[in-house]
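The structure file input27.cif is reproduced below (mmCIF, N, CA and C atoms and all ligand atoms).
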```
data_data
#
loop_
_atom_site.label_atom_id
_atom_site.label_comp_id
_atom_site.auth_asym_id
_atom_site.auth_seq_id
_atom_site.Cartn_x
_atom_site.Cartn_y
_atom_site.Cartn_z
N MET A 520 0.84 -1.20 0.00
CA MET A 520 0.00 0.00 0.00
C MET A 520 0.87 1.25 0.00
N LEU A 521 0.33 2.29 -0.59
CA LEU A 521 1.04 3.56 -0.67
C LEU A 521 0.32 4.60 0.18
N LEU A 522 1.10 5.27 1.03
CA LEU A 522 0.56 6.42 1.77
C LEU A 522 1.26 7.67 1.24
N ALA A 523 0.49 8.58 0.71
CA ALA A 523 1.02 9.88 0.29
C ALA A 523 0.43 10.93 1.22
N VAL A 524 1.27 11.84 1.69
CA VAL A 524 0.80 12.95 2.52
C VAL A 524 1.12 14.25 1.80
N PHE A 525 0.07 14.99 1.46
CA PHE A 525 0.25 16.29 0.82
C PHE A 525 0.60 17.30 1.92
N ASN A 526 1.70 18.04 1.70
CA ASN A 526 2.20 18.95 2.73
C ASN A 526 2.01 20.42 2.40
N ARG A 527 2.18 20.75 1.11
CA ARG A 527 2.24 22.17 0.77
C ARG A 527 1.91 22.35 -0.71
N LEU A 528 1.09 23.34 -0.99
CA LEU A 528 0.79 23.72 -2.37
C LEU A 528 1.30 25.14 -2.58
N HIS A 529 2.22 25.31 -3.55
CA HIS A 529 2.78 26.63 -3.81
C HIS A 529 2.26 27.17 -5.13
N CYS A 530 1.83 28.43 -5.12
CA CYS A 530 1.33 29.08 -6.32
C CYS A 530 2.42 29.95 -6.93
N HIS A 531 2.94 29.54 -8.10
CA HIS A 531 3.89 30.36 -8.84
C HIS A 531 3.16 31.34 -9.75
N LYS A 532 2.06 30.86 -10.32
CA LYS A 532 1.31 31.69 -11.26
C LYS A 532 -0.16 31.31 -11.18
N MET A 533 -1.02 32.31 -10.98
CA MET A 533 -2.45 32.07 -10.83
C MET A 533 -3.12 31.86 -12.18
N GLU A 534 -4.32 31.33 -12.13
CA GLU A 534 -5.14 31.20 -13.34
C GLU A 534 -6.04 32.40 -13.48
N ASP A 535 -6.63 32.85 -12.39
CA ASP A 535 -7.47 34.05 -12.40
C ASP A 535 -6.58 35.30 -12.26
N ALA A 536 -7.20 36.48 -12.44
CA ALA A 536 -6.42 37.71 -12.44
C ALA A 536 -6.01 38.16 -11.04
N THR A 537 -6.87 37.99 -10.06
CA THR A 537 -6.58 38.57 -8.75
C THR A 537 -6.33 37.53 -7.66
N GLU A 538 -7.01 36.40 -7.73
CA GLU A 538 -6.80 35.33 -6.77
C GLU A 538 -7.41 34.06 -7.32
N ASP A 539 -6.88 32.92 -6.89
CA ASP A 539 -7.42 31.63 -7.30
C ASP A 539 -8.14 30.99 -6.12
N GLU A 540 -9.15 30.19 -6.46
CA GLU A 540 -9.87 29.43 -5.44
C GLU A 540 -9.63 27.95 -5.80
N VAL A 541 -8.75 27.31 -5.08
CA VAL A 541 -8.27 26.00 -5.53
C VAL A 541 -8.76 24.85 -4.65
N GLN A 542 -8.65 23.68 -5.24
CA GLN A 542 -9.12 22.45 -4.62
C GLN A 542 -8.28 21.30 -5.17
N LEU A 543 -7.83 20.42 -4.30
CA LEU A 543 -7.11 19.21 -4.72
C LEU A 543 -8.04 18.02 -4.69
N ARG A 544 -7.98 17.22 -5.74
CA ARG A 544 -8.77 16.00 -5.80
C ARG A 544 -7.84 14.81 -6.02
N ALA A 545 -8.16 13.71 -5.38
CA ALA A 545 -7.39 12.48 -5.58
C ALA A 545 -8.39 11.35 -5.75
N GLY A 546 -8.14 10.52 -6.75
CA GLY A 546 -9.08 9.44 -7.03
C GLY A 546 -10.47 9.98 -7.36
N GLY A 547 -10.52 11.18 -7.94
CA GLY A 547 -11.78 11.78 -8.33
C GLY A 547 -12.55 12.45 -7.22
N GLN A 548 -12.01 12.43 -5.99
CA GLN A 548 -12.72 13.04 -4.87
C GLN A 548 -11.93 14.19 -4.28
N ARG A 549 -12.64 15.22 -3.85
CA ARG A 549 -11.97 16.34 -3.22
C ARG A 549 -11.31 15.87 -1.92
N VAL A 550 -10.01 16.18 -1.75
CA VAL A 550 -9.31 15.81 -0.52
C VAL A 550 -8.83 17.04 0.26
N TRP A 551 -8.82 18.21 -0.42
CA TRP A 551 -8.40 19.44 0.26
C TRP A 551 -8.92 20.63 -0.53
N PRO A 552 -9.41 21.66 0.18
CA PRO A 552 -9.65 21.68 1.63
C PRO A 552 -10.86 20.83 2.00
N ALA A 553 -11.13 20.71 3.27
CA ALA A 553 -12.21 19.83 3.72
C ALA A 553 -13.56 20.28 3.18
N GLU A 554 -13.72 21.61 3.06
CA GLU A 554 -14.97 22.16 2.51
C GLU A 554 -14.63 23.30 1.56
N GLY A 555 -15.45 23.46 0.55
CA GLY A 555 -15.30 24.61 -0.36
C GLY A 555 -13.98 24.62 -1.07
N ASP A 556 -13.35 25.80 -1.12
CA ASP A 556 -12.07 25.93 -1.81
C ASP A 556 -11.15 26.82 -0.99
N PHE A 557 -9.88 26.88 -1.40
CA PHE A 557 -8.88 27.66 -0.68
C PHE A 557 -8.46 28.83 -1.56
N THR A 558 -8.56 30.04 -1.02
CA THR A 558 -8.18 31.22 -1.78
C THR A 558 -6.68 31.46 -1.64
N ILE A 559 -6.01 31.59 -2.78
CA ILE A 559 -4.55 31.70 -2.78
C ILE A 559 -4.12 32.72 -3.82
N VAL A 560 -3.01 33.38 -3.58
CA VAL A 560 -2.45 34.34 -4.55
C VAL A 560 -1.03 33.93 -4.90
N GLU A 561 -0.49 34.59 -5.93
CA GLU A 561 0.82 34.22 -6.44
C GLU A 561 1.93 34.36 -5.41
N ASN A 562 2.90 33.47 -5.51
CA ASN A 562 4.10 33.48 -4.66
C ASN A 562 3.79 33.24 -3.19
N THR A 563 2.69 32.52 -2.94
CA THR A 563 2.39 32.10 -1.58
C THR A 563 2.13 30.59 -1.58
N SER A 564 2.18 30.02 -0.38
CA SER A 564 1.95 28.59 -0.21
C SER A 564 0.80 28.35 0.75
N ALA A 565 0.12 27.25 0.56
CA ALA A 565 -0.85 26.74 1.52
C ALA A 565 -0.26 25.47 2.12
N TRP A 566 -0.25 25.40 3.44
CA TRP A 566 0.25 24.20 4.11
C TRP A 566 -0.90 23.33 4.55
N MET A 567 -0.68 22.03 4.54
CA MET A 567 -1.76 21.08 4.85
C MET A 567 -1.14 19.78 5.34
N GLN A 568 -1.97 18.92 5.86
CA GLN A 568 -1.58 17.55 6.21
C GLN A 568 -2.70 16.67 5.69
N VAL A 569 -2.56 16.22 4.45
CA VAL A 569 -3.64 15.46 3.83
C VAL A 569 -3.14 14.07 3.45
N PRO A 570 -3.52 13.03 4.21
CA PRO A 570 -3.09 11.68 3.87
C PRO A 570 -4.01 11.04 2.83
N VAL A 571 -3.39 10.37 1.87
CA VAL A 571 -4.16 9.61 0.88
C VAL A 571 -3.55 8.21 0.82
N ILE A 572 -4.37 7.20 1.04
CA ILE A 572 -3.90 5.82 1.03
C ILE A 572 -4.48 5.12 -0.19
N SER A 573 -3.61 4.35 -0.88
CA SER A 573 -4.08 3.68 -2.09
C SER A 573 -3.33 2.38 -2.31
N ALA A 574 -4.02 1.42 -2.91
CA ALA A 574 -3.36 0.17 -3.31
C ALA A 574 -2.67 0.34 -4.65
N GLY A 575 -3.06 1.36 -5.41
CA GLY A 575 -2.48 1.57 -6.74
C GLY A 575 -1.97 2.99 -6.88
N ASP A 576 -1.77 3.41 -8.13
CA ASP A 576 -1.32 4.76 -8.41
C ASP A 576 -2.36 5.77 -7.89
N ILE A 577 -1.86 6.95 -7.55
CA ILE A 577 -2.75 8.02 -7.11
C ILE A 577 -2.69 9.15 -8.13
N ARG A 578 -3.83 9.49 -8.68
CA ARG A 578 -3.90 10.61 -9.62
C ARG A 578 -4.42 11.82 -8.86
N VAL A 579 -3.63 12.88 -8.84
CA VAL A 579 -3.99 14.09 -8.10
C VAL A 579 -4.30 15.20 -9.10
N GLU A 580 -5.45 15.83 -8.93
CA GLU A 580 -5.87 16.91 -9.82
C GLU A 580 -5.97 18.21 -9.04
N LEU A 581 -5.62 19.31 -9.71
CA LEU A 581 -5.82 20.64 -9.14
C LEU A 581 -6.90 21.35 -9.94
N TRP A 582 -7.91 21.84 -9.22
CA TRP A 582 -9.03 22.55 -9.85
C TRP A 582 -9.12 23.95 -9.29
N GLU A 583 -9.55 24.86 -10.16
CA GLU A 583 -9.73 26.25 -9.78
C GLU A 583 -11.22 26.57 -9.97
N GLU A 584 -11.85 26.97 -8.88
CA GLU A 584 -13.30 27.14 -8.89
C GLU A 584 -13.68 28.51 -9.47
N ASP A 585 -14.69 28.50 -10.33
CA ASP A 585 -15.25 29.73 -10.88
C ASP A 585 -16.77 29.65 -10.77
N TRP A 586 -17.36 30.84 -10.80
CA TRP A 586 -18.81 30.91 -10.86
C TRP A 586 -19.19 32.22 -11.52
N PRO A 587 -20.10 32.23 -12.47
CA PRO A 587 -20.88 31.07 -12.95
C PRO A 587 -20.21 30.28 -14.06
N ASP A 588 -19.05 30.70 -14.55
CA ASP A 588 -18.46 29.91 -15.64
C ASP A 588 -17.78 28.67 -15.07
N PRO A 589 -17.50 27.70 -15.91
CA PRO A 589 -17.04 26.39 -15.41
C PRO A 589 -15.69 26.46 -14.69
N ASP A 590 -15.51 25.54 -13.75
CA ASP A 590 -14.24 25.43 -13.03
C ASP A 590 -13.12 25.09 -14.01
N ASP A 591 -11.90 25.46 -13.64
CA ASP A 591 -10.75 25.24 -14.52
C ASP A 591 -9.88 24.10 -13.99
N PHE A 592 -9.55 23.21 -14.91
CA PHE A 592 -8.66 22.09 -14.59
C PHE A 592 -7.22 22.55 -14.79
N LEU A 593 -6.45 22.61 -13.72
CA LEU A 593 -5.10 23.17 -13.80
C LEU A 593 -4.03 22.10 -13.97
N GLY A 594 -4.44 20.84 -14.06
CA GLY A 594 -3.48 19.79 -14.34
C GLY A 594 -3.56 18.64 -13.35
N ASP A 595 -2.78 17.62 -13.61
CA ASP A 595 -2.77 16.47 -12.71
C ASP A 595 -1.36 15.89 -12.61
N ILE A 596 -1.12 15.18 -11.54
CA ILE A 596 0.13 14.44 -11.37
C ILE A 596 -0.23 13.01 -11.01
N LEU A 597 0.65 12.10 -11.39
CA LEU A 597 0.43 10.69 -11.09
C LEU A 597 1.50 10.23 -10.11
N ILE A 598 1.07 9.80 -8.94
CA ILE A 598 2.00 9.24 -7.96
C ILE A 598 1.94 7.73 -8.11
N PRO A 599 3.03 7.11 -8.62
CA PRO A 599 2.97 5.67 -8.86
C PRO A 599 2.94 4.87 -7.55
N ALA A 600 2.29 3.73 -7.59
CA ALA A 600 2.14 2.89 -6.40
C ALA A 600 3.50 2.46 -5.85
N ASN A 601 4.50 2.39 -6.74
CA ASN A 601 5.84 1.97 -6.30
C ASN A 601 6.78 3.15 -6.09
N GLN A 602 6.22 4.33 -5.84
CA GLN A 602 7.01 5.53 -5.61
C GLN A 602 8.03 5.30 -4.50
N GLN A 603 9.26 5.78 -4.71
CA GLN A 603 10.29 5.69 -3.67
C GLN A 603 9.82 6.47 -2.44
N PRO A 604 10.05 5.91 -1.24
CA PRO A 604 9.69 6.66 -0.03
C PRO A 604 10.49 7.95 0.08
N GLY A 605 9.85 8.99 0.56
CA GLY A 605 10.56 10.25 0.76
C GLY A 605 9.75 11.45 0.33
N ALA A 606 10.45 12.56 0.13
CA ALA A 606 9.79 13.82 -0.23
C ALA A 606 9.83 14.01 -1.75
N HIS A 607 8.74 14.48 -2.29
CA HIS A 607 8.61 14.65 -3.74
C HIS A 607 7.86 15.94 -4.05
N THR A 608 7.95 16.34 -5.33
CA THR A 608 7.14 17.46 -5.79
C THR A 608 6.50 17.09 -7.12
N GLY A 609 5.37 17.72 -7.40
CA GLY A 609 4.70 17.56 -8.69
C GLY A 609 4.21 18.91 -9.15
N GLU A 610 4.15 19.09 -10.48
CA GLU A 610 3.79 20.39 -11.05
C GLU A 610 2.42 20.34 -11.73
N PHE A 611 1.65 21.40 -11.54
CA PHE A 611 0.39 21.60 -12.26
C PHE A 611 0.58 22.82 -13.15
N THR A 612 0.44 22.65 -14.46
CA THR A 612 0.82 23.75 -15.37
C THR A 612 -0.21 24.02 -16.47
N ARG A 613 -1.43 23.51 -16.31
CA ARG A 613 -2.41 23.78 -17.36
C ARG A 613 -3.02 25.18 -17.22
N ASP A 614 -3.67 25.63 -18.29
CA ASP A 614 -4.40 26.91 -18.29
C ASP A 614 -3.49 28.09 -17.94
N GLU A 615 -2.20 28.00 -18.30
CA GLU A 615 -1.22 29.05 -18.05
C GLU A 615 -1.01 29.33 -16.57
N ALA A 616 -1.45 28.42 -15.72
CA ALA A 616 -1.17 28.53 -14.28
C ALA A 616 0.05 27.66 -13.96
N HIS A 617 0.62 27.87 -12.77
CA HIS A 617 1.72 27.01 -12.34
C HIS A 617 1.70 26.87 -10.83
N TYR A 618 1.50 25.64 -10.41
CA TYR A 618 1.51 25.29 -8.99
C TYR A 618 2.44 24.11 -8.76
N THR A 619 3.03 24.05 -7.56
CA THR A 619 3.83 22.89 -7.17
C THR A 619 3.22 22.27 -5.91
N LEU A 620 3.02 20.96 -5.96
CA LEU A 620 2.56 20.23 -4.77
C LEU A 620 3.76 19.50 -4.16
N HIS A 621 3.95 19.72 -2.86
CA HIS A 621 5.00 19.03 -2.11
C HIS A 621 4.31 17.92 -1.30
N TYR A 622 4.86 16.72 -1.41
CA TYR A 622 4.24 15.60 -0.70
C TYR A 622 5.29 14.57 -0.34
N THR A 623 4.98 13.74 0.63
CA THR A 623 5.87 12.66 1.03
C THR A 623 5.13 11.33 0.84
N THR A 624 5.91 10.27 0.64
CA THR A 624 5.30 8.95 0.47
C THR A 624 6.01 7.91 1.33
N VAL A 625 5.26 6.92 1.76
CA VAL A 625 5.82 5.72 2.37
C VAL A 625 5.04 4.53 1.83
N ASN A 626 5.68 3.39 1.79
CA ASN A 626 5.01 2.15 1.39
C ASN A 626 4.88 1.26 2.61
N PHE A 627 3.77 0.57 2.70
CA PHE A 627 3.57 -0.33 3.86
C PHE A 627 2.75 -1.53 3.43
CA CA B 1 -10.65 30.60 -13.23
CA CA B 2 -11.72 31.37 -9.67
CA CA B 3 -13.32 29.16 -15.71
#
```
Please go through the file and, once you have read it, give me the structure as structure tokens.
Ligand SMILES: [Ca+2]
Ligand SMILES: [Ca+2]
Ligand SMILES: [Ca+2]
Amino acid sequence: MLLAVFNRLHCHKMEDATEDEVQLRAGGQRVWPAEGDFTIVENTSAWMQVPVISAGDIRVELWEEDWPDPDDFLGDILIPANQQPGAHTGEFTRDEAHYTLHYTTVNF
């Protein structure tokens, strides 16, 4: 089994003009924040402790919430089930945005 813990999401470049309202999904389900979305601006980080346990690969998606127009998909990363234990980063770069997710993994 793979345990991935999401630690920090850093915003290098926003998708919206003034602020982004972001949400992380894993396995198709929202995993952060617990409710709604997180408002973030460029060159700042959001810290979290979000554990995700899986028997297989973990696909992580970053979404940016809009209303009334549709939410924006900012990209995805794939954490393989056989990922080396330790600290890792993944990049979300769709829609001219750029975010980095910092996470750690262990196998058990
Ligand atoms: Ca947007
Ligand atoms: Ca938005
Ligand atoms: Ca949109």
(message) as a ChimeraX atom specification, please: every protein or nucleic acid residue near ligand CA 3 (chain B) (cut-off 8 Å, counting only N, CA and C atoms and all ligand atoms).
(response) /A:583-592
(request) May I ask which of the residues A:Thr537, A:Asn526, A:Asn601, A:Thr608 is the closest one to Val569 in chain A, counting only C-alpha atoms? (result)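 Once distances to Val569 in chain A are computed over only C-alpha atoms, the minimum belongs to A:Asn526.
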(message) Which residue is closest to Glu615 in chain A? Choose from A:Met533, A:Leu521, A:Leu543, A:Ile559 and count only C-alpha atoms.
(response) A:Met533
(message) Among chain A, which residues does DSSP mark as strand (DSSP E or B) when it is run on the backbone? Keep the chain and numbering as in the structure and answer as a count of residues only.
(response) 69
(request) Kindly indicate which residue among A:Ala574, A:Ala565, A:Val550, A:Leu593 lies nearest to ligand CA 2 (chain B), using only C-alpha atoms and all ligand atoms for the distances. (result) A:Leu593
(message) Measuring between all atoms listed in the file, which one of A:Val625, A:Val524, A:Leu620, A:Ile596 shows the shortest distance to Met567 in chain A?
(response)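 So, comparing all the options, the nearest one is A:Val524.
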(message) Using only C-alpha atoms and a cutoff of 12 Å, can you tell me which residues are near (7.8, 3.1, -2.3) in the file's coordinates, and write them out as number ranges by chain?
(response) A: 520-523, 573-576, 598-607, 623-627
(request) Would you mind listing what lies within 6 Å of Cys530 in chain A as an MDAnalysis selection string, with all atoms listed in the file counted and same-chain residues fewer than 6 positions away left out? (result) chainID A and resid 560:564 617:619
(request) Could you check how far CA of Glu538 in chain A sits from CA of Glu610 in chain A, in Å to one decimal? (result)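 Interatomic distance here is 18.8 Å.
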(message) Between atom N of Glu580 in chain A and atom C of Gly594 in chain A, what distance in Å does the model show, to one decimal?
(response) 5.6 Å
(request) Using all atoms listed in the file, determine which residues lie at most 8 Å from Thr558 in chain A, disregarding the query and same-chain residues fewer than 4 positions distant; provide the list as an MDAnalysis selection string. (result) chainID A and resid 538:542
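Across A:Trp582, A:Arg527, A:Glu554, A:His621, the tightest approach to ligand CA 2 (chain B) is made by A:Trp582 when counting only N, CA and C atoms and all ligand atoms.
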(request) Measuring atom to atom with only N, CA and C atoms, identify which of A:Gly547, A:Pro552, A:Leu528, A:Glu534 is nearest to Val579 in chain A. (result)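 Between A:Gly547, A:Pro552, A:Leu528, A:Glu534, the residue approaching Val579 in chain A most closely is A:Gly547.
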(request) Work out how far apart CA of Val571 in chain A and CA of Thr612 in chain A are and give it in Å to one decimal. (result)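 These atoms are spaced 22.1 Å apart.
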